[in-house]
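Here's run05.pdb, which has PDB, C-alpha atoms:
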ATOM      1  CA  MET Y   1      -6.455  -3.099   8.293  1.00  0.00           C
ATOM      2  CA  ALA Y   2      -4.292  -0.375   6.838  1.00  0.00           C
ATOM      3  CA  ILE Y   3      -4.294  -1.824   3.299  1.00  0.00           C
ATOM      4  CA  HIS Y   4      -7.376  -0.869   1.307  1.00  0.00           C
ATOM      5  CA  ILE Y   5      -8.525  -2.232  -2.041  1.00  0.00           C
ATOM      6  CA  THR Y   6      -9.437   0.360  -4.667  1.00  0.00           C
ATOM      7  CA  LEU Y   7     -10.584  -2.151  -7.263  1.00  0.00           C
ATOM      8  CA  ASP Y   8     -13.877  -0.289  -7.750  1.00  0.00           C
ATOM      9  CA  ASP Y   9     -11.995   2.825  -8.813  1.00  0.00           C
ATOM     10  CA  MET Y  10      -9.907   0.935 -11.380  1.00  0.00           C
ATOM     11  CA  LEU Y  11     -12.972  -0.856 -12.743  1.00  0.00           C
ATOM     12  CA  TYR Y  12     -14.683   2.517 -13.168  1.00  0.00           C
ATOM     13  CA  VAL Y  13     -11.660   4.057 -14.910  1.00  0.00           C
ATOM     14  CA  ARG Y  14     -11.363   1.048 -17.239  1.00  0.00           C
ATOM     15  CA  ARG Y  15     -15.142   0.930 -17.785  1.00  0.00           C
ATOM     16  CA  MET Y  16     -15.197  -2.737 -16.848  1.00  0.00           C
ATOM     17  CA  THR Y  17     -17.622  -4.700 -14.710  1.00  0.00           C
ATOM     18  CA  LEU Y  18     -16.599  -7.094 -11.966  1.00  0.00           C
ATOM     19  CA  THR Y  19     -18.071  -9.891 -14.076  1.00  0.00           C
ATOM     20  CA  GLU Y  20     -15.861  -8.966 -17.037  1.00  0.00           C
ATOM     21  CA  LEU Y  21     -12.806  -8.840 -14.774  1.00  0.00           C
ATOM     22  CA  SER Y  22     -13.725 -12.210 -13.330  1.00  0.00           C
ATOM     23  CA  GLU Y  23     -13.816 -13.741 -16.799  1.00  0.00           C
ATOM     24  CA  LYS Y  24     -10.506 -12.153 -17.844  1.00  0.00           C
ATOM     25  CA  VAL Y  25      -8.686 -13.114 -14.642  1.00  0.00           C
ATOM     26  CA  GLY Y  26     -10.198 -16.567 -14.218  1.00  0.00           C
ATOM     27  CA  ILE Y  27     -11.335 -15.973 -10.643  1.00  0.00           C
ATOM     28  CA  THR Y  28     -14.863 -16.536  -9.420  1.00  0.00           C
ATOM     29  CA  LEU Y  29     -17.100 -13.521  -9.117  1.00  0.00           C
ATOM     30  CA  ALA Y  30     -17.624 -14.365  -5.439  1.00  0.00           C
ATOM     31  CA  ASN Y  31     -13.876 -14.285  -4.689  1.00  0.00           C
ATOM     32  CA  LEU Y  32     -13.383 -11.026  -6.572  1.00  0.00           C
ATOM     33  CA  SER Y  33     -16.324  -9.546  -4.699  1.00  0.00           C
ATOM     34  CA  ILE Y  34     -14.717 -10.508  -1.372  1.00  0.00           C
ATOM     35  CA  LEU Y  35     -11.514  -8.819  -2.481  1.00  0.00           C
ATOM     36  CA  LYS Y  36     -13.324  -5.721  -3.778  1.00  0.00           C
ATOM     37  CA  THR Y  37     -15.262  -5.200  -0.561  1.00  0.00           C
ATOM     38  CA  GLY Y  38     -12.125  -5.471   1.571  1.00  0.00           C
ATOM     39  CA  LYS Y  39     -13.211  -8.652   3.331  1.00  0.00           C
ATOM     40  CA  ALA Y  40     -10.267 -10.680   2.007  1.00  0.00           C
ATOM     41  CA  LYS Y  41      -7.466 -11.408   4.482  1.00  0.00           C
ATOM     42  CA  GLY Y  42      -4.872 -11.627   1.725  1.00  0.00           C
ATOM     43  CA  VAL Y  43      -4.267 -11.884  -1.989  1.00  0.00           C
ATOM     44  CA  ARG Y  44      -1.874 -14.125  -3.895  1.00  0.00           C
ATOM     45  CA  PHE Y  45       0.729 -12.443  -6.057  1.00  0.00           C
ATOM     46  CA  ALA Y  46      -0.496 -14.518  -9.012  1.00  0.00           C
ATOM     47  CA  THR Y  47      -4.001 -13.132  -8.511  1.00  0.00           C
ATOM     48  CA  LEU Y  48      -2.720  -9.577  -8.157  1.00  0.00           C
ATOM     49  CA  ASP Y  49      -0.632 -10.069 -11.302  1.00  0.00           C
ATOM     50  CA  ALA Y  50      -3.651 -11.321 -13.269  1.00  0.00           C
ATOM     51  CA  ILE Y  51      -5.765  -8.380 -12.079  1.00  0.00           C
ATOM     52  CA  CYS Y  52      -3.034  -5.915 -13.070  1.00  0.00           C
ATOM     53  CA  VAL Y  53      -2.700  -7.501 -16.515  1.00  0.00           C
ATOM     54  CA  ALA Y  54      -6.472  -7.424 -17.075  1.00  0.00           C
ATOM     55  CA  LEU Y  55      -6.777  -3.802 -15.904  1.00  0.00           C
ATOM     56  CA  ASP Y  56      -3.454  -2.661 -17.418  1.00  0.00           C
ATOM     57  CA  CYS Y  57      -2.370  -1.163 -14.107  1.00  0.00           C
ATOM     58  CA  GLN Y  58       0.197  -1.422 -11.323  1.00  0.00           C
ATOM     59  CA  PRO Y  59      -0.386  -3.087  -7.908  1.00  0.00           C
ATOM     60  CA  GLY Y  60      -0.363   0.367  -6.311  1.00  0.00           C
ATOM     61  CA  ASP Y  61      -3.375   1.271  -8.416  1.00  0.00           C
ATOM     62  CA  VAL Y  62      -5.521  -1.321  -6.619  1.00  0.00           C
ATOM     63  CA  LEU Y  63      -3.820  -1.454  -3.194  1.00  0.00           C
ATOM     64  CA  VAL Y  64      -3.533   1.649  -1.008  1.00  0.00           C
ATOM     65  CA  HIS Y  65      -2.016   2.032   2.458  1.00  0.00           C
ATOM     66  CA  ARG Y  66      -4.065   4.185   4.823  1.00  0.00           C
ATOM     67  CA  PRO Y  67      -3.188   4.115   8.522  1.00  0.00           C
ATOM     68  CA  ASP Y  68      -6.089   2.784  10.567  1.00  0.00           C
ATOM     69  CA  ALA Y  69      -8.109   5.250  12.561  1.00  0.00           C
ATOM     70  CA  ASP Y  70      -8.703   2.441  15.093  1.00  0.00           C
ATOM     71  CA  ARG Y  71      -4.984   1.987  15.666  1.00  0.00           C
ATOM     72  CA  ALA Y  72      -4.475   5.725  16.191  1.00  0.00           C
ATOM     73  CA  ASP Y  73      -7.464   5.964  18.531  1.00  0.00           C
ATOM     74  CA  ASP Y  74      -6.507   3.083  20.828  1.00  0.00           C
ATOM     75  CA  GLY Y  75      -3.357   4.831  22.038  1.00  0.00           C
ATOM     76  CA  GLN Y  76      -1.110   1.933  21.050  1.00  0.00           C
ATOM     77  CA  ALA Y  77       1.956   2.298  18.912  1.00  0.00           C
ATOM     78  CA  PRO Y  78       1.978   0.624  15.513  1.00  0.00           C
ATOM     79  CA  ARG Y  79       3.280  -2.942  15.528  1.00  0.00           C
ATOM     80  CA  SER Y  80       6.560  -1.917  13.933  1.00  0.00           C
ATOM     81  CA  ALA Y  81       7.240   0.353  16.909  1.00  0.00           C
ATOM     82  CA  GLN Y  82       6.360  -2.241  19.543  1.00  0.00           C
ATOM     83  CA  ALA Y  83       9.156  -4.359  20.977  1.00  0.00           C
TER      84      ALA Y  83
END

File written out as structure tokens:
Amino acid sequence: MAIHITLDDMLYVRRMTLTELSEKVGITLANLSILKTGKAKGVRFATLDAICVALDCQPGDVLVHRPDADRADDGQAPRSAQA
């Protein structure tokens, strides 16, 4: 996946634990952990909004686009270029 979660970095900058964020956002620690480790398949805008409010940040501070090395290595064009 080309979208990476940088929640760890924001937690470090804000000197906040995942448990504290969980309490502020109202999301289980398990679900935040799944998001933080990049195992989540998606995130609701309401959840992203709550995280941004709790961390006083922008969505781009916790979501980063990095082209996949796998996609570049397999010789296939990105999906947007495929017909």

Pick out the closest residue to Y:Thr19 from this set: Y:Ile51, Y:Leu32, Y:Ile5, Y:Val64. Count all atoms listed in the file.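 Smallest separation from Y:Thr19 among the options: Y:Leu32.
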
Output of the PyMOL selection byres ((chain Y and resi 40) around 12), listed as a list in words: Met1, Ile3, His4, Ile5, Ala30, Asn31, Leu32, Ser33, Ile34, Leu35, Lys36, Thr37, Gly38, Lys39, Lys41, Gly42, Val43 and Arg44 of chain Y

When you look at Y:Pro59 with a cut-off of 12 Å (counting all atoms listed in the file), what residues show up, excluding the ones that are within fewer than 2 positions of it in the same chain? I need them as a VMD selection string. chain Y and resid 3 to 7 10 43 to 57 61 to 65

Would you compute the box with edges along x, y and z of the file around stretch 47-64 of chain Y, including every atom the file lists for it and 4 Å extra on each side, and give its centre and edge lengths in Å to one decimal, as JSON?
{"center_x": -3.3, "center_y": -5.7, "center_z": -9.2, "size_x": 15.0, "size_y": 22.8, "size_z": 24.4}

With a distance cut-off of 10 Å and only C-alpha atoms, select the neighbouring residues of Y:Thr28, excluding the residue or stretch itself and same-chain residues fewer than 6 positions from it, and output the selection as a count of residues only. 4

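Using all atoms listed in the file for every distance, the candidate list Y:Val25, Y:Ala2, Y:Met16, Y:Leu11 yields Y:Ala2 as the residue closest to Y:Arg66.
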